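Below is one structure, written out as C-alpha cells, with a few remarks after it.
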Amino acid sequence: MTPKTPLIALAAALAATTGFSAAPALADNHMETKADVPTVGGAPMYPTKNIVENAVNSADHTTLVAAVTAAGLVEALSGPGPFTVFAPTNAAFAKLPAGTVETLVKPENKGTLTAILTYHVVPGRVAAGELIDMITKGGGKAELKTLNGGILTARVIGGKVVLTDAAGGTATVTQADVFQSNGVIHVTDSVSLPG
C-alpha cells in the first residue's frame with residue numbers, strides 16, 4: 001500500500017481546478033453499464049470517453065493525471081488522436097527516487113516533465129495483439145517511436161509485454177487494451193524514462 005503523499009492532494013486540487021470529477025459519471029453513458037466496460041483503478045473506462053476523461057476517474061492514476069495537468073498535456077490527450085498510452089500507476093511513480101515527482105511538477109521543470117510523459121505515448125492505436133505481432137515480426141522485439149521522438153523497445157517476457165526504456169529500465173504491461181474514443185491505454189508498473 002502506497003502512503004498518501006502531497007501528490008494525492010495535488011492531484012485532487014488539479015482535478016478540482018480543471019473541472020474534472022474524481023468520481024465516475026454514469027449518467028451521460030446511458031448506453032453503457034459497468035458490466036460492459038473494463039475498469040482501471042476501480043473506475044469504468046468507457047470507450048466513448050477520451051483518455052483524459054477516463055484517466056481522471058482511476059484511483060490508480062492520480063499521479064499521472066496530476067503530471068499530465070502540470071505539463072499542460074490535457075488538451076492534447078483529449079484530442080482526436082489516436083494515441084497509445086502506456087500509463088504508469090501511482091505505485092509506478094512511487095518507485096522513483098523520493099521527491100522526483102514533486103520536483104517534476106514544478107513549473108520550471110515543465111519541459112522535462114513533458115518529455116517524460118510524451119515518452120509514454122505512441123501515435124496511433126496499437127492494441128496488444130498488434131504489438132505482439134510486431135514483436136514476433138521483429139524477431140523478438142518491436143521498437144516504438146514515441147511522441148517525444150524517443151524509442152521504447154517492447155518484448156514478450158514470461159508471457160507479458162515488457163517495455164525497455166532508453167535508460168535501460170523496464171516496465172511491464174499489467175493491464176492491456178483499455179480502449180478509449182481516441183486510442184488505447186496499457187497500464188504499466190513502472191515509469192519509462194527517455195534517457
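Just remember, in the C-alpha cells the first chain shown is A, the second B, etc., residues are 1-based per chain, and ligands are 1-based in the order shown.
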Shell around A:Val191 at 8 Å using only C-alpha atoms, local window under 2 positions removed, as a tab-separated table (two decimals) with C-alpha atoms, in the first residue's frame:
```tsv
chain	number	residue	atom	x	y	z
A	88	PRO	CA	2.16	4.14	-15.14
A	92	ALA	CA	4.99	3.05	-10.53
A	93	PHE	CA	5.64	6.74	-9.80
A	96	LEU	CA	11.10	6.87	-8.47
A	171	ALA	CA	8.04	-1.58	-17.31
A	188	THR	CA	2.31	-0.31	-16.66
A	189	ASP	CA	4.03	-0.99	-13.35
A	193	LEU	CA	12.50	7.31	-18.82
```
If you run DSSP on the backbone here, which positions in stretch 21-182 of chain A get helix (DSSP H, G or I)? Please write them as an NGL selection string. :A and (34-36 or 51-55 or 59-70 or 74-78 or 90-94 or 100-104 or 107-118 or 128-137)
Expected file contents, prior selection, C-alpha atoms, as a PDB file, in the first residue's frame:
```
ATOM      1  CA  LYS A  34     -20.223  -1.024 -15.706  1.00  0.00           C
ATOM      2  CA  ALA A  35     -20.650  -4.617 -16.886  1.00  0.00           C
ATOM      3  CA  ASP A  36     -19.924  -3.549 -20.471  1.00  0.00           C
ATOM      4  CA  ILE A  51      -8.105   9.138 -22.498  1.00  0.00           C
ATOM      5  CA  VAL A  52      -8.214  12.094 -20.095  1.00  0.00           C
ATOM      6  CA  GLU A  53     -11.942  11.774 -19.324  1.00  0.00           C
ATOM      7  CA  ASN A  54     -11.385   8.161 -18.280  1.00  0.00           C
ATOM      8  CA  ALA A  55      -7.996   8.534 -16.571  1.00  0.00           C
ATOM      9  CA  ALA A  59      -7.767   5.798  -8.344  1.00  0.00           C
ATOM     10  CA  ASP A  60      -4.532   4.183  -9.588  1.00  0.00           C
ATOM     11  CA  HIS A  61      -3.600   7.087 -11.863  1.00  0.00           C
ATOM     12  CA  THR A  62      -3.960  10.245  -9.752  1.00  0.00           C
ATOM     13  CA  THR A  63      -0.221  10.960 -10.020  1.00  0.00           C
ATOM     14  CA  LEU A  64      -0.284  10.535 -13.803  1.00  0.00           C
ATOM     15  CA  VAL A  65      -3.289  12.853 -14.115  1.00  0.00           C
ATOM     16  CA  ALA A  66      -1.577  15.468 -11.908  1.00  0.00           C
ATOM     17  CA  ALA A  67       1.572  15.213 -14.045  1.00  0.00           C
ATOM     18  CA  VAL A  68      -0.362  15.464 -17.339  1.00  0.00           C
ATOM     19  CA  THR A  69      -2.150  18.542 -15.985  1.00  0.00           C
ATOM     20  CA  ALA A  70       1.087  20.153 -14.753  1.00  0.00           C
ATOM     21  CA  VAL A  74      -4.691  17.628 -21.019  1.00  0.00           C
ATOM     22  CA  GLU A  75      -5.892  19.260 -24.240  1.00  0.00           C
ATOM     23  CA  ALA A  76      -3.514  17.237 -26.440  1.00  0.00           C
ATOM     24  CA  LEU A  77      -4.515  13.893 -24.886  1.00  0.00           C
ATOM     25  CA  SER A  78      -8.186  14.876 -25.132  1.00  0.00           C
ATOM     26  CA  ASN A  90       0.685   5.652  -8.702  1.00  0.00           C
ATOM     27  CA  ALA A  91       2.794   2.736  -7.411  1.00  0.00           C
ATOM     28  CA  ALA A  92       4.990   3.047 -10.526  1.00  0.00           C
ATOM     29  CA  PHE A  93       5.635   6.742  -9.805  1.00  0.00           C
ATOM     30  CA  ALA A  94       6.320   5.857  -6.152  1.00  0.00           C
ATOM     31  CA  THR A 100      11.313  13.233  -8.052  1.00  0.00           C
ATOM     32  CA  VAL A 101       7.653  13.696  -8.956  1.00  0.00           C
ATOM     33  CA  GLU A 102       7.215  16.691  -6.660  1.00  0.00           C
ATOM     34  CA  THR A 103      10.206  18.308  -8.403  1.00  0.00           C
ATOM     35  CA  LEU A 104       8.998  17.433 -11.903  1.00  0.00           C
ATOM     36  CA  PRO A 107       6.547  24.991 -13.398  1.00  0.00           C
ATOM     37  CA  GLU A 108      10.278  25.386 -14.016  1.00  0.00           C
ATOM     38  CA  ASN A 109      10.546  21.663 -14.874  1.00  0.00           C
ATOM     39  CA  LYS A 110       7.627  21.568 -17.321  1.00  0.00           C
ATOM     40  CA  GLY A 111       9.905  20.736 -20.290  1.00  0.00           C
ATOM     41  CA  THR A 112      11.434  17.715 -18.559  1.00  0.00           C
ATOM     42  CA  LEU A 113       8.039  16.526 -17.334  1.00  0.00           C
ATOM     43  CA  THR A 114       6.553  16.890 -20.822  1.00  0.00           C
ATOM     44  CA  ALA A 115       9.449  14.900 -22.318  1.00  0.00           C
ATOM     45  CA  ILE A 116       8.901  12.063 -19.824  1.00  0.00           C
ATOM     46  CA  LEU A 117       5.125  11.965 -20.299  1.00  0.00           C
ATOM     47  CA  THR A 118       5.244  12.097 -24.109  1.00  0.00           C
ATOM     48  CA  ALA A 128      -1.928  -5.727 -27.504  1.00  0.00           C
ATOM     49  CA  GLY A 129      -2.417  -8.286 -30.283  1.00  0.00           C
ATOM     50  CA  GLU A 130      -0.913  -5.889 -32.829  1.00  0.00           C
ATOM     51  CA  LEU A 131       2.015  -5.166 -30.535  1.00  0.00           C
ATOM     52  CA  ILE A 132       2.697  -8.871 -30.035  1.00  0.00           C
ATOM     53  CA  ASP A 133       2.571  -9.344 -33.831  1.00  0.00           C
ATOM     54  CA  MET A 134       5.083  -6.504 -34.221  1.00  0.00           C
ATOM     55  CA  ILE A 135       7.359  -8.155 -31.642  1.00  0.00           C
ATOM     56  CA  THR A 136       7.115 -11.516 -33.436  1.00  0.00           C
ATOM     57  CA  LYS A 137       7.816  -9.967 -36.839  1.00  0.00           C
TER      58      LYS A 137
END
```
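In terms of minimum interatomic distance to A:Thr174, A:Val187 ranks closest within A:Val187, A:Leu147, A:Val126, A:Val105, counting only C-alpha atoms.
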Counting only C-alpha atoms, which residue out of A:Pro44, A:Gly158, A:Pro123, A:Gly168 sits closest to A:Thr146? A:Pro123
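Near A:Ile185, within a cut-off of 9 Å and counting only C-alpha atoms, sit the residues Ile51, Phe83, Thr84, Val85, Phe86, Ala87, Ala127, Gln175, Ala176, Asp177, Val178, Phe179, Gln180, Gly183 and Val187 of chain A, with same-chain residues fewer than 2 positions away left out.
The closest residue to A:Glu143, picked from A:Val184, A:Leu163, A:Leu73, A:Val121 and counting only C-alpha atoms, is A:Leu163.
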